[in-house]
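Trainee: Please find structure_32.txt (compact mmCIF, C-alpha atoms) on the next line:
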# COMPACT_ATOMS: atom_id res chain seq x y z
CA MET L 220 0.00 0.00 0.00
CA LEU L 221 1.48 3.35 -1.02
CA ILE L 222 -0.97 5.67 0.77
CA LYS L 223 -3.02 4.97 3.86
CA LEU L 224 -5.09 7.62 5.65
CA GLU L 225 -6.81 6.72 8.89
CA ASP L 226 -9.47 9.08 10.34
CA ILE L 227 -7.70 12.24 9.15
CA ARG L 228 -9.06 15.46 10.63
CA ARG L 229 -7.91 19.01 9.98
CA TYR L 230 -9.35 21.89 11.95
CA TYR L 231 -8.54 25.60 11.60
CA LYS L 232 -9.22 28.57 13.81
CA VAL L 233 -10.87 31.45 11.96
CA GLY L 234 -11.33 34.19 14.51
CA THR L 235 -13.24 32.61 17.35
CA GLU L 236 -14.66 29.82 15.20
CA GLU L 237 -13.22 26.39 14.46
CA VAL L 238 -13.54 25.27 10.83
CA HIS L 239 -13.58 21.51 10.20
CA ALA L 240 -11.91 21.24 6.78
CA LEU L 241 -11.49 17.46 7.05
CA ASN L 242 -13.69 15.48 9.40
CA GLY L 243 -12.61 11.84 9.51
CA VAL L 244 -11.18 10.92 6.09
CA SER L 245 -9.94 7.35 5.60
CA PHE L 246 -8.84 5.61 2.41
CA ALA L 247 -5.90 3.76 0.89
CA VAL L 248 -4.18 3.87 -2.50
CA SER L 249 -2.12 0.99 -3.86
CA LYS L 250 1.05 1.41 -5.89
CA GLY L 251 0.23 1.95 -9.55
CA GLU L 252 -3.29 3.30 -8.97
CA TRP L 253 -4.69 6.39 -10.68
CA VAL L 254 -7.13 8.18 -8.42
CA ALA L 255 -9.05 11.44 -8.80
CA ILE L 256 -10.07 13.37 -5.70
CA ILE L 257 -13.07 15.42 -6.76
CA GLY L 258 -15.11 18.09 -5.00
CA GLN L 259 -16.36 21.63 -5.30
CA SER L 260 -14.79 24.72 -3.70
CA GLY L 261 -14.97 24.44 0.07
CA SER L 262 -15.36 20.67 0.01
CA GLY L 263 -12.02 20.03 1.71
CA LYS L 264 -10.21 18.64 -1.33
CA SER L 265 -7.47 21.31 -1.27
CA THR L 266 -6.82 20.64 2.41
CA LEU L 267 -6.69 16.92 1.63
CA MET L 268 -4.21 17.59 -1.17
CA ASN L 269 -2.00 19.55 1.22
CA VAL L 270 -2.05 16.66 3.69
CA LEU L 271 -1.31 14.10 0.96
CA GLY L 272 1.55 16.27 -0.31
CA CYS L 273 3.03 16.70 3.20
CA LEU L 274 2.49 20.45 2.88
CA ASP L 275 0.24 20.37 5.95
CA THR L 276 -0.15 18.06 8.94
CA PRO L 277 -3.45 16.71 10.24
CA THR L 278 -4.96 17.84 13.52
CA ALA L 279 -5.73 14.19 14.27
CA GLY L 280 -5.47 10.82 12.55
CA ARG L 281 -2.55 9.05 10.88
CA TYR L 282 -1.08 9.12 7.38
CA TRP L 283 1.38 6.57 6.01
CA LEU L 284 3.21 7.27 2.75
CA ASN L 285 5.26 4.43 1.29
CA GLY L 286 5.48 2.76 4.68
CA LYS L 287 6.43 5.92 6.62
CA ASP L 288 4.12 7.48 9.21
CA VAL L 289 4.30 11.14 8.21
CA SER L 290 1.46 12.34 10.46
CA HIS L 291 3.61 14.03 13.08
CA MET L 292 6.92 14.64 11.34
CA THR L 293 8.81 17.90 11.76
CA ASP L 294 8.92 20.49 8.98
CA ASN L 295 12.43 19.38 7.98
CA GLU L 296 11.39 15.73 7.90
CA LEU L 297 8.36 16.59 5.76
CA ALA L 298 10.59 18.57 3.38
CA ASP L 299 12.75 15.47 2.93
CA ILE L 300 9.66 13.32 2.26
CA ARG L 301 8.40 15.81 -0.35
CA ASN L 302 11.77 15.76 -2.09
CA GLN L 303 12.16 11.99 -2.01
CA GLU L 304 8.63 10.64 -2.45
CA ILE L 305 6.36 13.19 -4.20
CA GLY L 306 6.33 14.82 -7.61
CA PHE L 307 4.06 17.90 -7.68
CA ILE L 308 2.15 19.17 -10.73
CA PHE L 309 0.41 22.53 -10.32
CA GLN L 310 -2.40 24.27 -12.17
CA THR L 311 -0.19 27.35 -12.72
CA PHE L 312 2.87 25.29 -13.82
CA GLN L 313 5.25 27.08 -11.36
CA LEU L 314 8.10 27.30 -13.87
CA LEU L 315 11.06 29.67 -13.56
CA PRO L 316 10.63 32.16 -16.44
CA ARG L 317 14.35 32.71 -17.09
CA GLU L 318 15.23 29.02 -17.16
CA THR L 319 14.93 26.76 -20.19
CA ALA L 320 12.67 23.72 -20.10
CA LEU L 321 15.77 21.64 -19.35
CA GLY L 322 16.82 23.96 -16.52
CA ASN L 323 13.36 23.84 -14.96
CA VAL L 324 13.30 20.06 -15.02
CA GLU L 325 16.80 19.84 -13.53
CA LEU L 326 15.89 22.00 -10.53
CA PRO L 327 14.68 19.28 -8.09
CA LEU L 328 17.87 17.31 -8.75
CA ILE L 329 20.00 20.28 -7.68
CA TYR L 330 18.35 20.07 -4.25
CA ARG L 331 19.31 16.39 -4.16
CA GLY L 332 22.94 17.29 -4.78
CA LEU L 333 23.34 15.40 -8.07
CA GLY L 334 26.20 16.27 -10.41
CA SER L 335 25.53 18.34 -13.52
CA LYS L 336 25.93 15.49 -16.03
CA GLU L 337 23.52 13.17 -14.21
CA ARG L 338 21.04 16.04 -13.76
CA ARG L 339 21.17 16.91 -17.45
CA ASP L 340 20.83 13.30 -18.59
CA ARG L 341 17.84 12.63 -16.33
CA ALA L 342 16.16 15.91 -17.29
CA ARG L 343 16.54 15.12 -21.01
CA LYS L 344 15.04 11.67 -20.46
CA ALA L 345 12.06 13.14 -18.57
CA LEU L 346 11.39 15.72 -21.31
CA ASP L 347 11.57 12.98 -23.94
CA GLN L 348 9.05 11.01 -21.88
CA VAL L 349 6.48 13.84 -22.11
CA GLY L 350 7.14 14.49 -25.82
CA LEU L 351 9.22 17.65 -25.48
CA GLY L 352 12.63 16.42 -26.59
CA ASN L 353 12.68 19.12 -29.28
CA ARG L 354 11.84 21.97 -26.88
CA MET L 355 14.55 21.57 -24.25
CA THR L 356 16.20 24.94 -24.87
CA HIS L 357 12.96 26.94 -24.96
CA ARG L 358 11.92 29.17 -22.07
CA PRO L 359 8.36 29.11 -20.68
CA ASN L 360 7.26 32.20 -22.63
CA GLU L 361 8.26 30.40 -25.85
CA LEU L 362 6.00 27.44 -25.05
CA SER L 363 2.24 26.92 -25.25
CA GLY L 364 0.19 26.25 -22.12
CA GLY L 365 0.11 22.54 -22.84
CA GLN L 366 3.87 22.44 -23.39
CA ARG L 367 4.46 24.30 -20.12
CA GLN L 368 2.34 21.75 -18.30
CA ARG L 369 4.36 18.97 -19.94
CA VAL L 370 7.55 20.61 -18.63
CA ALA L 371 5.96 20.67 -15.17
CA ILE L 372 5.09 16.97 -15.48
CA ALA L 373 8.66 16.18 -16.58
CA ARG L 374 9.96 18.09 -13.53
CA ALA L 375 7.70 15.96 -11.32
CA LEU L 376 8.91 12.76 -12.99
CA VAL L 377 12.63 13.50 -12.93
CA THR L 378 13.08 12.57 -9.26
CA GLU L 379 11.42 9.18 -9.84
CA PRO L 380 8.91 9.79 -7.02
CA SER L 381 6.61 7.22 -5.42
CA LEU L 382 3.60 9.50 -5.97
CA LEU L 383 2.63 12.03 -8.64
CA LEU L 384 0.28 14.58 -7.06
CA ALA L 385 -1.49 16.97 -9.45
CA ASP L 386 -3.59 19.97 -8.39
CA GLU L 387 -6.17 20.95 -11.06
CA PRO L 388 -3.66 20.01 -13.79
CA THR L 389 -5.95 21.02 -16.68
CA GLY L 390 -7.44 24.10 -15.00
CA ASN L 391 -5.43 26.65 -17.03
CA LEU L 392 -5.75 24.82 -20.36
CA ASP L 393 -8.32 24.87 -23.14
CA SER L 394 -10.44 21.75 -23.63
CA ALA L 395 -8.41 20.23 -26.45
CA THR L 396 -5.08 20.75 -24.67
CA GLY L 397 -6.59 19.48 -21.43
CA LEU L 398 -7.53 16.24 -23.18
CA GLU L 399 -3.95 15.89 -24.41
CA ILE L 400 -2.66 16.22 -20.84
CA ILE L 401 -5.21 13.66 -19.63
CA GLY L 402 -3.93 11.34 -22.35
CA LEU L 403 -0.39 11.83 -21.02
CA PHE L 404 -1.56 10.91 -17.52
CA GLU L 405 -3.10 7.75 -18.96
CA GLN L 406 0.27 6.84 -20.48
CA LEU L 407 2.02 7.45 -17.14
CA HIS L 408 -0.55 5.28 -15.38
CA LEU L 409 0.01 2.46 -17.89
CA ALA L 410 3.76 2.81 -17.29
CA GLY L 411 3.17 2.01 -13.60
CA HIS L 412 3.18 5.44 -11.96
CA THR L 413 0.90 6.17 -9.02
CA LEU L 414 -1.18 9.32 -9.63
CA CYS L 415 -3.53 11.33 -7.44
CA LEU L 416 -5.29 14.18 -9.25
CA VAL L 417 -7.22 16.79 -7.29
CA THR L 418 -9.92 18.38 -9.42
CA HIS L 419 -13.44 19.80 -9.59
CA GLU L 420 -13.80 18.76 -13.24
CA PRO L 421 -16.08 15.72 -13.84
CA THR L 422 -14.52 15.18 -17.29
CA LEU L 423 -11.10 14.57 -15.77
CA ALA L 424 -12.44 12.45 -12.89
CA ALA L 425 -14.42 10.31 -15.34
CA ARG L 426 -11.20 9.31 -17.13
CA CYS L 427 -9.66 7.95 -13.91
CA PRO L 428 -10.13 4.28 -12.97
CA ARG L 429 -11.08 5.40 -9.45
CA ALA L 430 -12.47 8.64 -8.02
CA ILE L 431 -13.08 9.79 -4.46
CA ARG L 432 -15.71 12.49 -4.00
CA ILE L 433 -15.35 14.71 -0.95
CA SER L 434 -17.98 17.11 0.40
CA ASP L 435 -17.98 19.11 3.63
CA GLY L 436 -14.77 17.41 4.73
CA VAL L 437 -15.97 13.81 4.40
CA ILE L 438 -15.86 11.19 1.66
CA VAL L 439 -19.31 10.77 0.14
CA LYS L 440 -18.41 8.32 -2.65
CA ASP L 441 -15.45 6.17 -3.62
CA GLY L 442 -15.62 4.07 -6.76
CA PRO L 443 -15.06 3.92 -10.53
CA GLY L 444 -14.25 7.34 -11.95
CA PRO L 445 -17.14 7.58 -14.42
CA GLU L 446 -19.72 6.63 -11.78
CA VAL L 447 -18.44 9.15 -9.22
CA ALA L 448 -18.14 11.95 -11.79
CA LEU L 449 -21.63 11.37 -13.17
CA ASP L 450 -23.02 11.19 -9.65
CA GLY L 451 -21.61 14.67 -9.05
CA ARG L 452 -23.20 16.02 -12.22
CA ALA L 453 -26.58 14.61 -11.19
CA GLU L 454 -26.23 16.12 -7.74
CA ARG L 455 -25.50 19.58 -9.15
CA ALA L 456 -28.44 19.26 -11.55
CA ARG L 457 -30.76 18.49 -8.63
CA VAL L 458 -29.50 21.52 -6.72
CA ALA L 459 -29.88 23.79 -9.77
CA THR L 460 -33.48 22.69 -10.41
CA GLY L 461 -34.48 22.54 -6.77
CA THR L 462 -35.57 18.91 -7.04
Any chance you could give the structure as structure tokens?
Mentor:
Amino acid sequence: MLIKLEDIRRYYKVGTEEVHALNGVSFAVSKGEWVAIIGQSGSGKSTLMNVLGCLDTPTAGRYWLNGKDVSHMTDNELADIRNQEIGFIFQTFQLLPRETALGNVELPLIYRGLGSKERRDRARKALDQVGLGNRMTHRPNELSGGQRQRVAIARALVTEPSLLLADEPTGNLDSATGLEIIGLFEQLHLAGHTLCLVTHEPTLAARCPRAIRISDGVIVKDGPGPEVALDGRAERARVATGT
């Protein structure tokens, strides 16, 4: 089991009130799974992503990532886990504008202390893997949105992480380009990578073999992606029509 969450709770103080962002979330993800975590704004999915990515720690409950209990690690220990175990893919790409595609992909390996030749070789391989072998010397402003997201995916892959964690990965892309990126995720899944995608888009969730719907800080459905995504569409239709 790569991921195991057990009764995860995350509470925040907002003024004098306590907000329950996560209220007893439990699930597991096996190595090689492709899972969408779907929910609307305020559902708790962003908080859950931060916990999964070791960017935040739960108020209560336990979280194991690749056999390590990360629930109560220090900030430095969590930083090491992020560097060793997780490849992040962001909606806004988070690329350095003055660096080439190759330089952006190399960046995580610098933090690992790898030599320049090994960094360069691994970065080239990762860019080839996402279909950008002919764009290595281009800077972000010379690339399309879809190409920038591919650079971001290559940067996530280059450290050979246990988990690829993507936050609204098609949110800044047009529909056609978004479908191309989803197709790339399908290829990564078939290659054996473990992916967790956090999204509010039913189209993306429906392409995943498994989806977990979260609402008001609790899991309301966990099952095949198309079923969970369509369930969410039906729920929104009921709300809109008042039925």
Trainee: Kindly extract all protein, DNA and RNA residues lying within 12 Å of the coordinates (-8.8, 14.0, -17.0) given in the file, considering only C-alpha atoms, and supply them as number ranges by chain.
Mentor: L: 253-257, 385-390, 392, 394-405, 414-430, 444-445, 448
Trainee: Neighbours of L:Val270 within 10 Å (all atoms listed in the file; same-chain residues fewer than 6 positions away dropped), as an MDAnalysis selection string?
Mentor: chainID L and resid 224 227:229 264 276:277 282 289:290
Trainee: Taking only C-alpha atoms into account, name the residue in L:Gly234, L:Gly258, L:Gly436, L:Pro316 that is nearest to L:Leu362.
Mentor: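 Nearest candidate to L:Leu362 out of L:Gly234, L:Gly258, L:Gly436, L:Pro316: L:Pro316.
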Trainee: Taking into account all atoms listed in the file, which residue in the set L:Ile431, L:Ile329, L:Val437, L:Ile308 is nearest to L:Arg369?
Mentor: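 Ranked by minimum distance to L:Arg369, first place goes to L:Ile308.
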Trainee: Excluding L:Ile372 and any residue of its chain fewer than 3 positions from it, enumerate the residues within 8 Å of it, using only C-alpha atoms, and give them as a list in words.
Mentor: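 So, after excluding close chain neighbours, the residues are Phe307, Ile308, Val349, Gln368, Arg369, Ala375 and Leu376 of chain L.
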